[in-house]
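Have a look at the structure below, then the notes.
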Amino acid sequence: MLASSSSGIKPCQNLQPAPKYHDISDFQISPQADETFLFLGWSPDCIYMLKALASYTQKHSRVRIICEDISQLSSGEFEKIPIEITVEQGNIFDKKTLSDIDWQFYENIVIPGYGPGNDMLVARMYILLKDALADRGFINNITVVFDNLLRNIAEEISGVNIVSVDIIFRIAAQILAHPDVMYAILEMISPEGVEVYLKPVENYIVLEREVDFFTIIESARRYNETAIGYITEQTSKISLNPPKFEKKRFYHFDKIIVFSDHL
């Protein structure tokens, strides 16, 4: 600091409050060793999805694929993917076929899209799946891939993780407008380096206490992570870059959203 006189130098107020260290948790929930996936149907893009899953999941993860025509699947391609993959033939639009599935063994269910122009068929599959899960009282992670997500379909399938090719075009437009963004996007979508993770809130703070986001940021920093938001189980609402001063109570099943290079 340069000044004409030391008498003119005055301390300023803190720009942010200090983290509440007594609210930081020293508890850690270990990540799950493997995961299970159920693919309902098949599309040409599925092989790329499976290769990506192999990059992100543990080596003992398992994938089960049910589709009407298994002749379009090449077992030779599966041999190059280092996760366990099983394939069986079945009518996935038949309610009895869906009711006979042991949903408790599949944490993640994927409706992989059925090619251009088949979004209504995808939406129908989702509605059948949702009913089948509700009949058995299960709440599984569901991901749906659309070719071109239409507004009227989006209203019918609220509450599902949606992957649309529109997202790719939006990312491409963002890179064209701001080329420097490309390096951050490549970092997040590649299997190596930093990823976006949803981690248990109790890994960072003591539950059922009012804490501000400064404290969560400090707790994540200790694990070489950057906290960017949270999801509450009660509302399933994603809060990104929340007000740092705002205090909030967190409970079991709530998640902290972080940038991290490890599970």
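A note on labels: chains of the structure tokens are A, B, ... as shown, every chain counts residues from 1, and ligands are counted from 1 in their shown order.
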Fill in: Residues of region 105-196 of chain A in alpha helix (DSSP H), written as a PyMOL selection string
chain A and resi 119-136+151-156+165-177+181-189
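Near region 88-100 of chain A, within a cut-off of 10 Å and counting only C-alpha atoms, sit the residues A:Leu40, A:Gly41, A:Arg64, A:Ile65, A:Ile66, A:Cys67, A:Glu68, A:Asp69, A:Ile70, A:Ser71, A:Trp103, A:Leu121, A:Arg124, A:Met125, A:Tyr126, A:Leu128, A:Leu129, A:Asp131, A:Ala132, A:Leu133, A:Asp135, A:Arg136, with same-chain residues fewer than 3 positions away left out.
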Discussion item. Report as a count of residues only all protein, DNA and RNA residues lying within 12 Å of Thr86 (chain A), evaluated on only C-alpha atoms, omitting residues in the same chain fewer than 4 positions from it.
Written reply: 18
Worksheet item: Taking only C-alpha atoms into account, which of A:Phe259, A:Phe169, A:Phe253, A:Tyr114 comes nearest Val194 (chain A)?
Response: A:Phe259
Worksheet item: How many Å lie between CA of Lys130 (chain A) and CA of Asn118 (chain A), rounded to one decimal?
Response: 18.7 Å
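Using only C-alpha atoms, the shortest contact distance between Tyr48 (chain A) and any of A:Ile257, A:Ala177, A:Ala18, A:Ile81 is found at A:Ile81.
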Worksheet item: Which residues, written as a list in words, have at least one atom at most 8 Å from region 22-26 of chain A, with only C-alpha atoms counted and residues fewer than 5 positions away on the same chain left out?
Response: Glu202, Asn203, Tyr204, Ile205, Val206, Arg209, Val211, Thr215, Ile216 and Ser219 of chain A
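Summary of the local environment: counting only C-alpha atoms, residues at most 10 Å from region 235-238 of chain A, other than itself and those fewer than 5 positions away along its chain, are Gly159, Gly229, Tyr230, Asp254, Lys255, Ile256 and Ile257 of chain A.
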Grab the residues selected above and save them as an mmCIF file, in the first residue's frame with N, CA and C atoms.
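again09.cif was written with the following content:
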```
data_model
loop_
_atom_site.group_PDB
_atom_site.id
_atom_site.type_symbol
_atom_site.label_atom_id
_atom_site.label_comp_id
_atom_site.auth_asym_id
_atom_site.auth_seq_id
_atom_site.Cartn_x
_atom_site.Cartn_y
_atom_site.Cartn_z
ATOM 1 N N GLY A 159 -40.931 -32.512 -13.467
ATOM 2 C CA GLY A 159 -40.316 -33.264 -12.385
ATOM 3 C C GLY A 159 -39.330 -34.310 -12.842
ATOM 4 N N GLY A 229 -24.009 -23.872 -4.675
ATOM 5 C CA GLY A 229 -25.449 -23.857 -4.448
ATOM 6 C C GLY A 229 -25.897 -25.060 -3.641
ATOM 7 N N TYR A 230 -27.211 -25.285 -3.618
ATOM 8 C CA TYR A 230 -27.755 -26.411 -2.869
ATOM 9 C C TYR A 230 -29.110 -26.814 -3.433
ATOM 10 N N ASP A 254 -30.800 -33.271 1.980
ATOM 11 C CA ASP A 254 -30.443 -32.059 1.238
ATOM 12 C C ASP A 254 -29.045 -32.234 0.640
ATOM 13 N N LYS A 255 -28.785 -31.527 -0.467
ATOM 14 C CA LYS A 255 -27.509 -31.670 -1.163
ATOM 15 C C LYS A 255 -26.830 -30.309 -1.349
ATOM 16 N N ILE A 256 -25.507 -30.320 -1.282
ATOM 17 C CA ILE A 256 -24.714 -29.150 -1.625
ATOM 18 C C ILE A 256 -24.142 -29.376 -3.027
ATOM 19 N N ILE A 257 -24.249 -28.354 -3.880
ATOM 20 C CA ILE A 257 -23.725 -28.436 -5.246
ATOM 21 C C ILE A 257 -22.316 -27.868 -5.247
#
```
Practice prompt. Extract, using only C-alpha atoms, all DNA, RNA and protein residues at most 8 Å from region 245-251 of chain A, discarding same-chain residues fewer than 3 positions from it, and format them as a VMD selection string.
Written response: chain A and resid 17 201 207 to 214 232 242 254
For the residues selected in the previous step, produce a file with N, CA and C atoms as a PDB file, in the first residue's frame.
```pdb
ATOM      1  N   PRO A  17     -18.818 -11.791   6.430  1.00  0.00           N
ATOM      2  CA  PRO A  17     -18.666 -12.316   7.793  1.00  0.00           C
ATOM      3  C   PRO A  17     -17.752 -13.537   7.817  1.00  0.00           C
ATOM      4  N   VAL A 201     -25.368 -32.845   2.461  1.00  0.00           N
ATOM      5  CA  VAL A 201     -25.134 -31.606   3.198  1.00  0.00           C
ATOM      6  C   VAL A 201     -24.388 -31.857   4.501  1.00  0.00           C
ATOM      7  N   LEU A 207     -26.269 -30.545  10.857  1.00  0.00           N
ATOM      8  CA  LEU A 207     -27.668 -30.451  10.446  1.00  0.00           C
ATOM      9  C   LEU A 207     -28.521 -29.691  11.459  1.00  0.00           C
ATOM     10  N   GLU A 208     -29.617 -29.148  10.944  1.00  0.00           N
ATOM     11  CA  GLU A 208     -30.670 -28.517  11.742  1.00  0.00           C
ATOM     12  C   GLU A 208     -30.164 -27.318  12.544  1.00  0.00           C
ATOM     13  N   ARG A 209     -29.170 -26.639  11.998  1.00  0.00           N
ATOM     14  CA  ARG A 209     -28.739 -25.357  12.544  1.00  0.00           C
ATOM     15  C   ARG A 209     -28.842 -24.318  11.445  1.00  0.00           C
ATOM     16  N   GLU A 210     -29.107 -23.101  11.807  1.00  0.00           N
ATOM     17  CA  GLU A 210     -29.151 -22.035  10.822  1.00  0.00           C
ATOM     18  C   GLU A 210     -27.723 -21.623  10.466  1.00  0.00           C
ATOM     19  N   VAL A 211     -27.360 -21.811   9.205  1.00  0.00           N
ATOM     20  CA  VAL A 211     -25.999 -21.472   8.758  1.00  0.00           C
ATOM     21  C   VAL A 211     -26.091 -20.606   7.503  1.00  0.00           C
ATOM     22  N   ASP A 212     -25.088 -19.759   7.320  1.00  0.00           N
ATOM     23  CA  ASP A 212     -25.035 -18.956   6.102  1.00  0.00           C
ATOM     24  C   ASP A 212     -24.161 -19.668   5.069  1.00  0.00           C
ATOM     25  N   PHE A 213     -24.236 -19.185   3.837  1.00  0.00           N
ATOM     26  CA  PHE A 213     -23.515 -19.869   2.763  1.00  0.00           C
ATOM     27  C   PHE A 213     -22.005 -19.633   2.841  1.00  0.00           C
ATOM     28  N   PHE A 214     -21.572 -18.583   3.548  1.00  0.00           N
ATOM     29  CA  PHE A 214     -20.138 -18.390   3.762  1.00  0.00           C
ATOM     30  C   PHE A 214     -19.535 -19.604   4.472  1.00  0.00           C
ATOM     31  N   THR A 232     -32.712 -28.622  -1.818  1.00  0.00           N
ATOM     32  CA  THR A 232     -33.402 -29.115  -0.630  1.00  0.00           C
ATOM     33  C   THR A 232     -34.368 -30.222  -1.017  1.00  0.00           C
ATOM     34  N   PRO A 242     -26.569 -18.683  -4.035  1.00  0.00           N
ATOM     35  CA  PRO A 242     -27.553 -18.081  -3.122  1.00  0.00           C
ATOM     36  C   PRO A 242     -26.931 -16.917  -2.356  1.00  0.00           C
ATOM     37  N   ASP A 254     -30.800 -33.271   1.980  1.00  0.00           N
ATOM     38  CA  ASP A 254     -30.443 -32.059   1.238  1.00  0.00           C
ATOM     39  C   ASP A 254     -29.045 -32.234   0.640  1.00  0.00           C
TER      40      ASP A 254
END
```
